[in-house]
>>> print(open('query09.txt').read())   # compact mmCIF, C-alpha atoms and all ligand atoms
# COMPACT_ATOMS: atom_id res chain seq x y z
CA MET Q 1 -12.12 -81.89 43.31
CA ASN Q 2 -11.62 -83.30 46.78
CA THR Q 3 -13.97 -80.73 48.30
CA PHE Q 4 -17.72 -81.12 48.75
CA GLY Q 5 -20.31 -78.61 50.01
CA ARG Q 6 -20.75 -74.83 49.88
CA ALA Q 7 -21.60 -73.38 53.32
CA LEU Q 8 -20.23 -76.50 55.04
CA ARG Q 9 -17.26 -77.73 53.03
CA ILE Q 10 -15.34 -80.94 53.51
CA THR Q 11 -11.99 -81.70 51.93
CA THR Q 12 -10.78 -85.28 52.22
CA PHE Q 13 -7.23 -86.54 51.67
CA GLY Q 14 -5.22 -89.77 51.88
CA GLU Q 15 -4.94 -93.11 50.08
CA SER Q 16 -5.87 -96.71 50.82
CA HIS Q 17 -2.32 -97.88 51.59
CA GLY Q 18 -0.65 -94.62 52.61
CA PRO Q 19 -0.13 -93.53 56.23
CA GLY Q 20 -3.81 -92.66 56.70
CA ILE Q 21 -6.74 -90.58 55.57
CA GLY Q 22 -8.37 -87.44 56.87
CA VAL Q 23 -10.85 -84.65 56.39
CA VAL Q 24 -10.95 -80.92 57.01
CA LEU Q 25 -14.40 -79.42 57.68
CA ASP Q 26 -14.76 -75.70 57.10
CA GLY Q 27 -17.85 -73.54 57.67
CA LEU Q 28 -19.15 -75.13 60.86
CA PRO Q 29 -20.41 -72.48 63.26
CA SER Q 30 -18.53 -72.07 66.53
CA GLY Q 31 -19.96 -73.52 69.71
CA VAL Q 32 -21.28 -76.83 68.29
CA SER Q 33 -20.71 -79.61 70.87
CA ILE Q 34 -18.82 -82.45 69.25
CA SER Q 35 -18.43 -85.88 70.80
CA VAL Q 36 -15.40 -87.68 69.42
CA GLU Q 37 -16.94 -90.95 70.70
CA ALA Q 38 -19.97 -90.34 68.45
CA ILE Q 39 -17.64 -89.86 65.44
CA GLN Q 40 -15.85 -93.06 66.43
CA ALA Q 41 -19.18 -94.94 66.70
CA GLU Q 42 -20.02 -94.03 63.08
CA LEU Q 43 -16.56 -95.05 61.88
CA ASP Q 44 -17.02 -98.39 63.63
CA ARG Q 45 -20.21 -98.96 61.61
CA ARG Q 46 -18.33 -98.47 58.29
CA ARG Q 47 -15.16 -100.30 59.34
CA PRO Q 48 -14.22 -103.48 57.44
CA GLY Q 49 -13.79 -106.79 59.25
CA THR Q 50 -16.84 -106.39 61.49
CA SER Q 51 -19.12 -108.99 59.87
CA PRO Q 52 -18.57 -112.14 57.78
CA TYR Q 53 -19.92 -110.20 54.77
CA THR Q 54 -17.29 -107.47 54.63
CA SER Q 55 -13.65 -107.31 53.62
CA PRO Q 56 -11.52 -108.93 56.36
CA ARG Q 57 -9.12 -105.95 56.33
CA ARG Q 58 -8.73 -105.11 60.02
CA GLU Q 59 -8.55 -101.35 60.33
CA ALA Q 60 -8.91 -99.88 63.83
CA ASP Q 61 -10.14 -96.60 62.28
CA ARG Q 62 -9.29 -94.58 65.40
CA VAL Q 63 -10.19 -90.95 64.80
CA GLU Q 64 -7.96 -88.16 66.07
CA VAL Q 65 -8.95 -84.47 66.19
CA LEU Q 66 -6.09 -82.26 65.00
CA SER Q 67 -7.73 -78.83 65.14
CA GLY Q 68 -10.94 -76.81 65.51
CA LEU Q 69 -12.18 -78.16 68.87
CA TYR Q 70 -11.64 -76.58 72.27
CA THR Q 71 -13.25 -78.04 75.42
CA GLY Q 72 -15.48 -80.24 73.24
CA ARG Q 73 -16.94 -77.42 71.16
CA THR Q 74 -16.12 -76.11 67.70
CA THR Q 75 -14.19 -72.85 67.60
CA GLY Q 76 -15.14 -71.92 64.03
CA ALA Q 77 -11.60 -72.79 62.88
CA PRO Q 78 -11.18 -75.68 60.40
CA LEU Q 79 -11.99 -78.98 62.12
CA ALA Q 80 -9.36 -81.50 61.01
CA LEU Q 81 -9.79 -85.24 61.61
CA TRP Q 82 -7.14 -87.92 61.00
CA ILE Q 83 -7.54 -91.70 60.76
CA ALA Q 84 -4.32 -93.72 60.51
CA ASN Q 85 -4.13 -96.79 58.24
CA THR Q 86 -2.97 -99.68 60.40
CA ASP Q 87 -3.64 -102.76 58.24
CA ALA Q 88 -2.43 -101.75 54.78
CA ARG Q 89 -0.74 -104.61 52.92
CA PRO Q 90 0.75 -103.16 49.73
CA ALA Q 91 2.22 -106.59 48.82
CA ASP Q 92 -1.34 -107.88 48.18
CA TYR Q 93 -1.58 -105.36 45.38
CA ALA Q 94 1.79 -105.90 43.66
CA LYS Q 95 0.13 -108.03 40.94
CA LEU Q 96 -2.79 -105.63 40.51
CA ALA Q 97 -0.42 -102.71 39.98
CA GLN Q 98 0.77 -104.37 36.74
CA LEU Q 99 -2.67 -104.66 35.12
CA TYR Q 100 -6.03 -102.97 34.68
CA ARG Q 101 -8.70 -104.49 36.90
CA PRO Q 102 -11.95 -104.80 34.90
CA SER Q 103 -14.53 -102.23 36.00
CA HIS Q 104 -12.22 -100.57 38.52
CA ALA Q 105 -10.76 -97.06 38.40
CA ASP Q 106 -7.11 -98.08 37.70
CA PHE Q 107 -7.69 -97.61 33.95
CA THR Q 108 -9.22 -94.13 34.06
CA TYR Q 109 -6.86 -92.84 36.78
CA THR Q 110 -3.92 -93.90 34.59
CA LEU Q 111 -5.48 -92.36 31.45
CA LYS Q 112 -6.02 -89.08 33.28
CA TYR Q 113 -3.03 -88.77 35.59
CA GLY Q 114 -0.37 -91.15 34.25
CA HIS Q 115 1.45 -91.49 37.56
CA THR Q 116 -0.86 -92.75 40.34
CA ASP Q 117 -0.63 -94.77 43.56
CA PRO Q 118 -2.11 -98.17 42.61
CA GLN Q 119 -1.76 -99.77 46.06
CA GLY Q 120 -5.19 -100.90 47.21
CA GLY Q 121 -6.78 -98.62 44.62
CA GLY Q 122 -5.02 -95.56 46.10
CA ARG Q 123 -7.37 -92.61 46.13
CA SER Q 124 -10.14 -94.52 44.28
CA SER Q 125 -10.44 -97.02 47.14
CA ALA Q 126 -13.54 -96.95 49.34
CA ARG Q 127 -11.10 -96.30 52.19
CA GLU Q 128 -11.64 -92.58 51.34
CA THR Q 129 -15.22 -92.96 52.52
CA ALA Q 130 -14.04 -93.34 56.14
CA ALA Q 131 -13.19 -89.63 55.99
CA ARG Q 132 -16.70 -88.85 54.70
CA VAL Q 133 -18.24 -90.90 57.51
CA ALA Q 134 -16.20 -88.98 60.09
CA ALA Q 135 -17.31 -85.68 58.52
CA GLY Q 136 -20.92 -86.90 58.33
CA ALA Q 137 -20.85 -87.78 62.03
CA VAL Q 138 -19.86 -84.17 62.76
CA ALA Q 139 -22.67 -82.92 60.47
CA GLN Q 140 -25.11 -85.25 62.28
CA GLN Q 141 -24.14 -83.70 65.61
CA PHE Q 142 -24.61 -80.19 64.22
CA LEU Q 143 -28.04 -81.25 62.87
CA GLN Q 144 -29.08 -82.77 66.22
CA GLN Q 145 -28.38 -79.44 67.89
CA ALA Q 146 -29.90 -77.27 65.11
CA ILE Q 147 -32.98 -79.45 64.39
CA PRO Q 148 -33.51 -81.96 67.22
CA ASP Q 149 -36.44 -83.71 65.44
CA LEU Q 150 -34.38 -84.63 62.39
CA GLN Q 151 -33.64 -88.35 61.98
CA ILE Q 152 -31.79 -89.95 59.07
CA LEU Q 153 -32.16 -93.69 58.53
CA ALA Q 154 -30.56 -95.72 55.73
CA TRP Q 155 -30.83 -99.46 55.20
CA SER Q 156 -30.21 -102.24 52.66
CA CYS Q 157 -33.46 -102.68 50.71
CA ALA Q 158 -31.96 -104.95 48.02
CA ILE Q 159 -28.93 -107.21 47.74
CA GLY Q 160 -28.74 -109.19 44.50
CA PRO Q 161 -32.27 -110.48 43.77
CA PHE Q 162 -33.49 -110.18 47.39
CA THR Q 163 -35.55 -107.05 48.09
CA THR Q 164 -37.79 -105.63 50.79
CA ALA Q 165 -40.25 -102.72 50.82
CA TYR Q 166 -40.29 -102.68 54.64
CA ARG Q 167 -39.47 -99.31 56.23
CA PRO Q 168 -37.83 -99.45 59.66
CA THR Q 169 -38.80 -97.11 62.48
CA ASP Q 170 -35.41 -96.89 64.15
CA ARG Q 171 -31.75 -97.79 63.75
CA THR Q 172 -31.83 -100.84 66.03
CA GLU Q 173 -34.00 -102.65 63.47
CA ILE Q 174 -31.28 -102.03 60.87
CA GLU Q 175 -28.19 -102.64 62.99
CA ARG Q 176 -29.28 -106.03 64.31
CA SER Q 177 -28.90 -107.39 60.77
CA PRO Q 178 -25.29 -108.11 59.68
CA VAL Q 179 -26.26 -106.88 56.20
CA ARG Q 180 -28.25 -103.88 57.56
CA CYS Q 181 -31.60 -105.12 56.22
CA PRO Q 182 -34.42 -104.44 58.73
CA ASP Q 183 -36.63 -107.22 57.32
CA PRO Q 184 -35.39 -110.36 59.18
CA ILE Q 185 -36.61 -112.85 56.57
CA VAL Q 186 -35.04 -110.98 53.65
CA SER Q 187 -31.90 -110.33 55.73
CA ALA Q 188 -31.45 -114.09 56.19
CA GLU Q 189 -31.80 -114.63 52.42
CA MET Q 190 -29.26 -111.87 51.71
CA GLU Q 191 -26.81 -113.35 54.22
CA ARG Q 192 -27.12 -116.80 52.67
CA TYR Q 193 -26.62 -115.33 49.19
CA LEU Q 194 -23.48 -113.39 50.20
CA ALA Q 195 -22.03 -116.48 51.89
CA GLU Q 196 -22.55 -118.45 48.64
CA LEU Q 197 -20.93 -115.70 46.58
CA GLN Q 198 -17.93 -115.60 48.90
CA ILE Q 199 -17.39 -119.32 48.30
CA ALA Q 200 -17.82 -118.85 44.54
CA GLY Q 201 -15.42 -115.87 44.57
CA ASP Q 202 -18.09 -113.63 43.04
CA THR Q 203 -19.74 -110.36 44.10
CA THR Q 204 -23.09 -108.58 43.82
CA GLY Q 205 -24.68 -105.14 44.01
CA GLY Q 206 -27.78 -103.82 45.73
CA ILE Q 207 -29.84 -100.81 46.75
CA ILE Q 208 -29.84 -98.59 49.85
CA ALA Q 209 -33.05 -96.79 50.86
CA VAL Q 210 -32.97 -93.58 52.90
CA GLU Q 211 -35.68 -91.90 54.91
CA ALA Q 212 -35.05 -88.58 56.67
CA ARG Q 213 -37.84 -87.47 59.00
CA GLY Q 214 -38.24 -84.04 60.51
CA VAL Q 215 -36.60 -82.26 57.55
CA PRO Q 216 -37.74 -78.64 57.77
CA PRO Q 217 -39.64 -77.25 54.77
CA GLY Q 218 -37.74 -74.82 52.55
CA LEU Q 219 -34.37 -76.58 52.16
CA GLY Q 220 -33.02 -76.53 48.60
CA GLU Q 221 -32.45 -73.74 46.13
CA PRO Q 222 -34.56 -73.35 43.01
CA ILE Q 223 -33.16 -74.30 39.59
CA TYR Q 224 -29.56 -75.67 39.84
CA ASP Q 225 -29.11 -76.34 43.54
CA LYS Q 226 -32.28 -78.32 44.08
CA LEU Q 227 -32.22 -80.47 47.22
CA SER Q 228 -32.89 -83.51 45.01
CA ALA Q 229 -30.04 -82.55 42.66
CA ARG Q 230 -27.56 -82.07 45.51
CA LEU Q 231 -28.58 -85.39 47.06
CA ALA Q 232 -28.10 -87.13 43.70
CA TYR Q 233 -24.67 -85.48 43.32
CA ALA Q 234 -23.66 -86.54 46.83
CA MET Q 235 -24.86 -90.12 46.40
CA LEU Q 236 -23.36 -90.63 42.95
CA SER Q 237 -20.01 -89.45 44.33
CA ILE Q 238 -19.86 -92.62 46.45
CA ASN Q 239 -17.71 -95.44 45.03
CA ALA Q 240 -19.67 -98.02 43.02
CA ALA Q 241 -22.93 -95.98 43.14
CA ARG Q 242 -24.83 -96.38 39.88
CA GLY Q 243 -28.30 -94.95 40.36
CA PHE Q 244 -30.33 -92.44 42.35
CA GLU Q 245 -34.10 -92.13 42.56
CA ILE Q 246 -36.22 -89.93 44.77
CA GLY Q 247 -39.80 -90.69 45.80
CA GLU Q 248 -41.27 -93.16 43.29
CA GLY Q 249 -38.21 -92.54 41.10
CA PHE Q 250 -38.10 -94.47 37.82
CA ALA Q 251 -41.43 -96.15 38.66
CA ALA Q 252 -43.09 -92.69 38.40
CA ALA Q 253 -42.45 -92.83 34.65
CA SER Q 254 -45.05 -95.58 34.23
CA THR Q 255 -47.55 -94.27 36.82
CA LEU Q 256 -50.66 -92.24 35.99
CA GLY Q 257 -50.73 -88.64 37.22
CA SER Q 258 -54.00 -89.38 38.99
CA VAL Q 259 -52.20 -92.07 41.00
CA HIS Q 260 -48.84 -90.33 41.46
CA ASN Q 261 -50.08 -86.89 42.55
CA ASP Q 262 -49.98 -86.07 46.26
CA PRO Q 263 -53.27 -84.26 47.02
CA PHE Q 264 -53.04 -81.39 49.51
CA HIS Q 265 -55.20 -81.30 52.63
CA LYS Q 266 -55.37 -79.62 56.01
CA ASP Q 267 -54.17 -82.05 58.68
CA ALA Q 268 -55.56 -82.40 62.23
CA SER Q 269 -53.32 -79.57 63.44
CA GLY Q 270 -54.57 -77.25 60.65
CA ARG Q 271 -51.34 -77.43 58.63
CA ILE Q 272 -51.63 -77.61 54.83
CA ARG Q 273 -49.58 -80.52 53.57
CA PRO Q 274 -49.60 -83.34 50.99
CA ALA Q 275 -51.75 -86.30 52.10
CA THR Q 276 -49.34 -88.78 50.44
CA ASN Q 277 -45.63 -88.56 49.68
CA HIS Q 278 -44.97 -90.03 46.24
CA ALA Q 279 -42.69 -87.02 45.67
CA GLY Q 280 -40.28 -88.22 48.37
CA GLY Q 281 -40.35 -84.94 50.28
CA VAL Q 282 -39.16 -82.55 47.54
CA LEU Q 283 -41.18 -80.39 45.11
CA GLY Q 284 -39.49 -77.89 42.80
CA GLY Q 285 -36.18 -78.82 44.41
CA ILE Q 286 -37.37 -77.58 47.83
CA SER Q 287 -38.24 -79.74 50.84
CA THR Q 288 -41.97 -80.00 51.59
CA GLY Q 289 -41.55 -80.91 55.27
CA GLU Q 290 -42.62 -84.51 54.54
CA PRO Q 291 -40.02 -87.28 55.00
CA LEU Q 292 -37.27 -87.33 52.38
CA PHE Q 293 -37.23 -90.73 50.70
CA PHE Q 294 -34.67 -91.80 48.13
CA ARG Q 295 -32.73 -94.84 46.98
CA VAL Q 296 -29.17 -95.39 45.79
CA ALA Q 297 -28.20 -98.37 43.59
CA PHE Q 298 -24.71 -99.90 43.77
CA LYS Q 299 -22.97 -102.11 41.22
CA PRO Q 300 -21.23 -105.38 42.23
CA ILE Q 301 -17.70 -105.11 43.66
CA ALA Q 302 -15.30 -105.16 40.71
CA THR Q 303 -12.44 -107.18 42.22
CA LEU Q 304 -13.24 -110.90 42.09
CA ARG Q 305 -11.48 -113.93 43.48
CA ARG Q 306 -12.16 -115.81 40.23
CA PRO Q 307 -10.37 -115.69 36.88
CA GLN Q 308 -11.03 -112.66 34.67
CA HIS Q 309 -9.62 -111.54 31.31
CA THR Q 310 -7.77 -108.24 31.14
CA VAL Q 311 -4.51 -106.73 29.87
CA THR Q 312 -1.35 -105.56 31.60
CA ARG Q 313 -0.37 -101.91 31.49
CA GLN Q 314 1.75 -102.85 28.45
CA GLY Q 315 -1.30 -104.35 26.69
CA GLU Q 316 -0.39 -108.04 27.11
CA GLU Q 317 -3.46 -110.28 27.56
CA VAL Q 318 -3.63 -111.99 30.95
CA ILE Q 319 -6.06 -113.93 33.08
CA PHE Q 320 -5.92 -112.93 36.71
CA SER Q 321 -7.71 -113.82 39.90
CA ALA Q 322 -7.55 -111.26 42.70
CA GLU Q 323 -6.02 -111.86 46.07
CA GLY Q 324 -6.24 -109.27 48.79
CA ARG Q 325 -9.26 -108.46 50.88
CA HIS Q 326 -12.46 -107.41 49.13
CA ASP Q 327 -16.12 -106.98 50.01
CA PRO Q 328 -18.69 -109.36 48.43
CA CYS Q 329 -21.16 -106.44 48.13
CA PRO Q 330 -20.70 -102.69 48.77
CA VAL Q 331 -24.18 -102.18 50.23
CA PRO Q 332 -23.93 -103.19 53.94
CA ARG Q 333 -20.87 -100.99 54.51
CA ALA Q 334 -22.19 -98.18 52.33
CA VAL Q 335 -25.22 -97.62 54.62
CA PRO Q 336 -23.30 -95.31 57.03
CA ILE Q 337 -21.62 -93.63 54.04
CA VAL Q 338 -25.01 -92.80 52.49
CA GLU Q 339 -26.22 -91.48 55.86
CA ALA Q 340 -23.08 -89.35 56.19
CA MET Q 341 -23.52 -87.79 52.75
CA THR Q 342 -27.21 -87.12 53.51
CA ALA Q 343 -26.25 -85.35 56.76
CA LEU Q 344 -23.61 -83.28 54.94
CA VAL Q 345 -26.12 -82.17 52.27
CA LEU Q 346 -28.80 -81.25 54.84
CA ALA Q 347 -26.33 -79.41 57.11
CA ASP Q 348 -25.02 -77.51 54.08
CA PHE Q 349 -28.54 -76.36 53.11
CA ILE Q 350 -29.41 -75.38 56.67
CA LEU Q 351 -26.29 -73.24 56.91
CA LEU Q 352 -26.97 -71.76 53.44
CA ASN Q 353 -30.50 -70.80 54.52
CA ARG Q 354 -29.01 -69.02 57.53
CA LEU Q 355 -26.41 -67.24 55.40
CA TYR Q 356 -29.00 -65.94 52.95
CA LYS Q 357 -31.78 -65.51 55.57
CA HIS Q 358 -34.69 -66.68 53.38
C1 LIG D 1 -18.25 -99.63 51.08
C2 LIG D 1 -17.57 -99.94 49.81
C3 LIG D 1 -16.64 -100.97 49.77
C4 LIG D 1 -15.97 -101.28 48.60
N1 LIG D 1 -15.07 -102.32 48.62
C5 LIG D 1 -14.44 -102.66 47.45
C6 LIG D 1 -13.55 -103.78 47.44
O1 LIG D 1 -13.32 -104.44 48.45
N2 LIG D 1 -12.95 -104.08 46.25
C7 LIG D 1 -13.21 -103.38 45.09
O2 LIG D 1 -12.67 -103.70 44.05
N3 LIG D 1 -14.07 -102.34 45.08
C8 LIG D 1 -14.69 -101.95 46.23
N4 LIG D 1 -15.56 -100.90 46.23
C9 LIG D 1 -15.86 -100.19 44.98
C10 LIG D 1 -14.71 -99.40 44.40
O3 LIG D 1 -14.20 -98.45 45.31
C11 LIG D 1 -15.19 -98.71 43.11
O4 LIG D 1 -15.91 -99.62 42.33
C12 LIG D 1 -14.04 -98.19 42.30
O5 LIG D 1 -13.48 -97.07 42.94
C13 LIG D 1 -14.41 -97.79 40.88
O6 LIG D 1 -15.30 -96.72 40.88
P1 LIG D 1 -16.78 -96.84 40.31
O7 LIG D 1 -17.26 -98.23 40.60
O8 LIG D 1 -17.56 -95.82 41.08
O9 LIG D 1 -16.75 -96.55 38.84
C14 LIG D 1 -16.25 -100.56 47.40
C15 LIG D 1 -17.20 -99.53 47.44
C16 LIG D 1 -17.85 -99.22 48.62
C17 LIG D 1 -18.87 -98.12 48.63
>>> encode(input="query09.txt", output="structure tokens", more="lines below")
Ligand SMILES: Cc1cc2nc3c(=O)[nH]c(=O)nc-3n(C[C@H](O)[C@H](O)[C@H](O)COP(=O)(O)O)c2cc1C
Amino acid sequence: MNTFGRALRITTFGESHGPGIGVVLDGLPSGVSISVEAIQAELDRRRPGTSPYTSPRREADRVEVLSGLYTGRTTGAPLALWIANTDARPADYAKLAQLYRPSHADFTYTLKYGHTDPQGGGRSSARETAARVAAGAVAQQFLQQAIPDLQILAWSCAIGPFTTAYRPTDRTEIERSPVRCPDPIVSAEMERYLAELQIAGDTTGGIIAVEARGVPPGLGEPIYDKLSARLAYAMLSINAARGFEIGEGFAAASTLGSVHNDPFHKDASGRIRPATNHAGGVLGGISTGEPLFFRVAFKPIATLRRPQHTVTRQGEEVIFSAEGRHDPCPVPRAVPIVEAMTALVLADFILLNRLYKH
């Protein structure tokens, strides 16, 4: 199950401390202009070592196109992208390979597969998400050409106890914050908190909010392939993701119908539409044409630089403290990953609509 999508399918491959990682995209129409620089720019946003609040692993993350592009445009053949690992340090993980890290995937990968690559978490490492970001950057470029008004924005709306309800209008508001929080006061609190946690050797979780404007109405298939269901599937496939809510989400459960309902009206241009958007842009699994709004919750990073109880692979009790290079919180670096998965889901539905000519 290394493949995601139906009309636009991505297959990722590679491990954290192997030679590199990559992705093959299949199903893209021919003739889509692809800028490799734009793919690189997205990879640079996800890359570790770019702020004091990310893992200091120094990966160049240079993307190379192996197939599917000719004179800057897709040919319809599989588009294969390759990103070499340049700063893998397997020695950092020699100790970890002997034991089960609490709340990491070493335990379940071993239960399921027996023989796995434990170096840097192998396939379970968030390094795999670089391939998704590269694929998402391609999907974003397809979307820009298919639906020029579409804009996807994701940002950190909570890190630990610090939260903001502010919604940014553009990406510069998000990117000027080292933790990708567009509210400058809350961003400063988050930064201070992460700096304290780094000293204490502890980690935290948080929440990413996403708004996609200009989403055409009619995306999403009734019943099993609802747009909301596919988004949830995509988001919960990201490492350390623990929750998904669309619109008012869990808060809707304690809201009165008279407050939660979005009344319909005719707007100034004569278009019938909901006057409010508590639904988050999806009704019956199909996009309404209002902005998509959803949130993704992430757990704290599992690998701590402070002593934890666990057992070795032989069952012997040990106390270990991780070395190696780890993030204090997954959220700032997961922002471009969440955007990439959103772009892949939307591009997939747009291509499906074309295939089945609704
Ligand atoms: C952007 C990002 C960075 C991450 N960095 C680390 C890390 O440095 N150390 C770590 O132990 N886990 C890290 N994780 C989380 C693990 O990959 C994840 O917790 C692990 O694969 C177990 O899967 P699960 O938490 O989804 O159950 C990161 C996740 C994301 C999204």
>>> atom_distance(input="query09.txt", atom1="atom C7 of ligand LIG 1 (chain D)", atom2="atom CA of Q:Pro48")
12.4 Å
>>> residues_around(input="query09.txt", residues="stretch 212-222 of chain Q", least_positions_apart="5", cutoff="9 Å", atoms="all atoms listed in the file", output="count of residues only")
31
>>> atom_distance(input="query09.txt", atom1="atom CA of Q:Met190", atom2="atom CA of Q:Gly160")
7.7 Å
>>> closest_atom_pairs(input="query09.txt", of="chain Q", to="ligand LIG 1 (chain D)", cutoff="7 Å", atoms="all atoms listed in the file", output="JSON lines")
{"residue": "Q:Ser55", "atom": "CA", "partner": "D:LIG1", "partner_atom": "O1", "distance": 5.9}
{"residue": "Q:Ser103", "atom": "CA", "partner": "D:LIG1", "partner_atom": "C13", "distance": 6.6}
{"residue": "Q:His104", "atom": "CA", "partner": "D:LIG1", "partner_atom": "C13", "distance": 4.3}
{"residue": "Q:Ala105", "atom": "CA", "partner": "D:LIG1", "partner_atom": "C13", "distance": 4.5}
{"residue": "Q:Ser124", "atom": "CA", "partner": "D:LIG1", "partner_atom": "O5", "distance": 4.4}
{"residue": "Q:Ser125", "atom": "CA", "partner": "D:LIG1", "partner_atom": "O3", "distance": 4.4}
{"residue": "Q:Ala126", "atom": "CA", "partner": "D:LIG1", "partner_atom": "O3", "distance": 4.4}
{"residue": "Q:Ile238", "atom": "CA", "partner": "D:LIG1", "partner_atom": "C17", "distance": 6.0}
{"residue": "Q:Asn239", "atom": "CA", "partner": "D:LIG1", "partner_atom": "O8", "distance": 4.0}
{"residue": "Q:Ala240", "atom": "CA", "partner": "D:LIG1", "partner_atom": "O7", "distance": 3.4}
{"residue": "Q:Ala241", "atom": "CA", "partner": "D:LIG1", "partner_atom": "O8", "distance": 5.8}
{"residue": "Q:Lys299", "atom": "CA", "partner": "D:LIG1", "partner_atom": "O7", "distance": 6.9}
{"residue": "Q:Ile301", "atom": "CA", "partner": "D:LIG1", "partner_atom": "N3", "distance": 4.8}
{"residue": "Q:Ala302", "atom": "CA", "partner": "D:LIG1", "partner_atom": "O2", "distance": 4.5}
{"residue": "Q:Thr303", "atom": "CA", "partner": "D:LIG1", "partner_atom": "O2", "distance": 3.9}
{"residue": "Q:Arg325", "atom": "CA", "partner": "D:LIG1", "partner_atom": "O1", "distance": 6.2}
{"residue": "Q:His326", "atom": "CA", "partner": "D:LIG1", "partner_atom": "O1", "distance": 3.2}
{"residue": "Q:Asp327", "atom": "CA", "partner": "D:LIG1", "partner_atom": "O1", "distance": 4.1}
{"residue": "Q:Pro330", "atom": "CA", "partner": "D:LIG1", "partner_atom": "C2", "distance": 4.3}
{"residue": "Q:Val331", "atom": "CA", "partner": "D:LIG1", "partner_atom": "C1", "distance": 6.5}
{"residue": "Q:Arg333", "atom": "CA", "partner": "D:LIG1", "partner_atom": "C1", "distance": 4.5}
{"residue": "Q:Ala334", "atom": "CA", "partner": "D:LIG1", "partner_atom": "C1", "distance": 4.4}
>>> residues_near_point(input="query09.txt", point="(-19.8, -87.2, 61.9)", cutoff="9 Å", atoms="all atoms listed in the file", output="ChimeraX atom specification")
/Q:34,36,38-40,42-43,132-142,340,343-344
>>> residues_around(input="query09.txt", residues="stretch 6-15 of chain Q", least_positions_apart="6", cutoff="10 Å", atoms="only C-alpha atoms", output="compact mmCIF listing (two decimals) with C-alpha atoms, in the frame of the given file")
# COMPACT_ATOMS: atom_id res chain seq x y z
CA ILE Q 21 -6.74 -90.58 55.57
CA GLY Q 22 -8.37 -87.44 56.87
CA VAL Q 23 -10.85 -84.65 56.39
CA VAL Q 24 -10.95 -80.92 57.01
CA LEU Q 25 -14.40 -79.42 57.68
CA ASP Q 26 -14.76 -75.70 57.10
CA GLY Q 27 -17.85 -73.54 57.67
CA LEU Q 28 -19.15 -75.13 60.86
CA PRO Q 29 -20.41 -72.48 63.26
CA PRO Q 78 -11.18 -75.68 60.40
CA LEU Q 79 -11.99 -78.98 62.12
CA ALA Q 80 -9.36 -81.50 61.01
CA LEU Q 81 -9.79 -85.24 61.61
CA TRP Q 82 -7.14 -87.92 61.00
CA ILE Q 83 -7.54 -91.70 60.76
CA ALA Q 84 -4.32 -93.72 60.51
CA ASN Q 85 -4.13 -96.79 58.24
CA ASP Q 117 -0.63 -94.77 43.56
CA PRO Q 118 -2.11 -98.17 42.61
CA GLN Q 119 -1.76 -99.77 46.06
CA GLY Q 120 -5.19 -100.90 47.21
CA GLY Q 121 -6.78 -98.62 44.62
CA GLY Q 122 -5.02 -95.56 46.10
CA ARG Q 123 -7.37 -92.61 46.13
CA SER Q 124 -10.14 -94.52 44.28
CA SER Q 125 -10.44 -97.02 47.14
CA ALA Q 126 -13.54 -96.95 49.34
CA ARG Q 127 -11.10 -96.30 52.19
CA GLU Q 128 -11.64 -92.58 51.34
CA THR Q 129 -15.22 -92.96 52.52
CA ALA Q 130 -14.04 -93.34 56.14
CA ALA Q 131 -13.19 -89.63 55.99
CA ARG Q 132 -16.70 -88.85 54.70
CA ALA Q 135 -17.31 -85.68 58.52
CA GLY Q 136 -20.92 -86.90 58.33
CA ALA Q 139 -22.67 -82.92 60.47
CA LEU Q 344 -23.61 -83.28 54.94
CA VAL Q 345 -26.12 -82.17 52.27
CA LEU Q 346 -28.80 -81.25 54.84
CA ALA Q 347 -26.33 -79.41 57.11
CA ASP Q 348 -25.02 -77.51 54.08
CA PHE Q 349 -28.54 -76.36 53.11
CA ILE Q 350 -29.41 -75.38 56.67
CA LEU Q 351 -26.29 -73.24 56.91
CA LEU Q 352 -26.97 -71.76 53.44
CA ASN Q 353 -30.50 -70.80 54.52
CA ARG Q 354 -29.01 -69.02 57.53
CA LEU Q 355 -26.41 -67.24 55.40
>>> atom_distance(input="query09.txt", atom1="atom CA of Q:Tyr100", atom2="atom CA of Q:Thr116")
12.8 Å
>>> residues_around(input="query09.txt", residues="Q:Pro102", least_positions_apart="3", cutoff="10 Å", atoms="all atoms listed in the file", output="PyMOL selection string")
chain Q and resi 99+105-107+302-304+308-311
>>> write_last_selection(input="query09.txt", atoms="C-alpha atoms", output="PDB file, keeping the file's coordinate frame")
ATOM      1  CA  LEU Q  99      -2.670-104.660  35.120  1.00  0.00           C
ATOM      2  CA  ALA Q 105     -10.760 -97.060  38.400  1.00  0.00           C
ATOM      3  CA  ASP Q 106      -7.110 -98.080  37.700  1.00  0.00           C
ATOM      4  CA  PHE Q 107      -7.690 -97.610  33.950  1.00  0.00           C
ATOM      5  CA  ALA Q 302     -15.300-105.160  40.710  1.00  0.00           C
ATOM      6  CA  THR Q 303     -12.440-107.180  42.220  1.00  0.00           C
ATOM      7  CA  LEU Q 304     -13.240-110.900  42.090  1.00  0.00           C
ATOM      8  CA  GLN Q 308     -11.030-112.660  34.670  1.00  0.00           C
ATOM      9  CA  HIS Q 309      -9.620-111.540  31.310  1.00  0.00           C
ATOM     10  CA  THR Q 310      -7.770-108.240  31.140  1.00  0.00           C
ATOM     11  CA  VAL Q 311      -4.510-106.730  29.870  1.00  0.00           C
TER      12      VAL Q 311
END
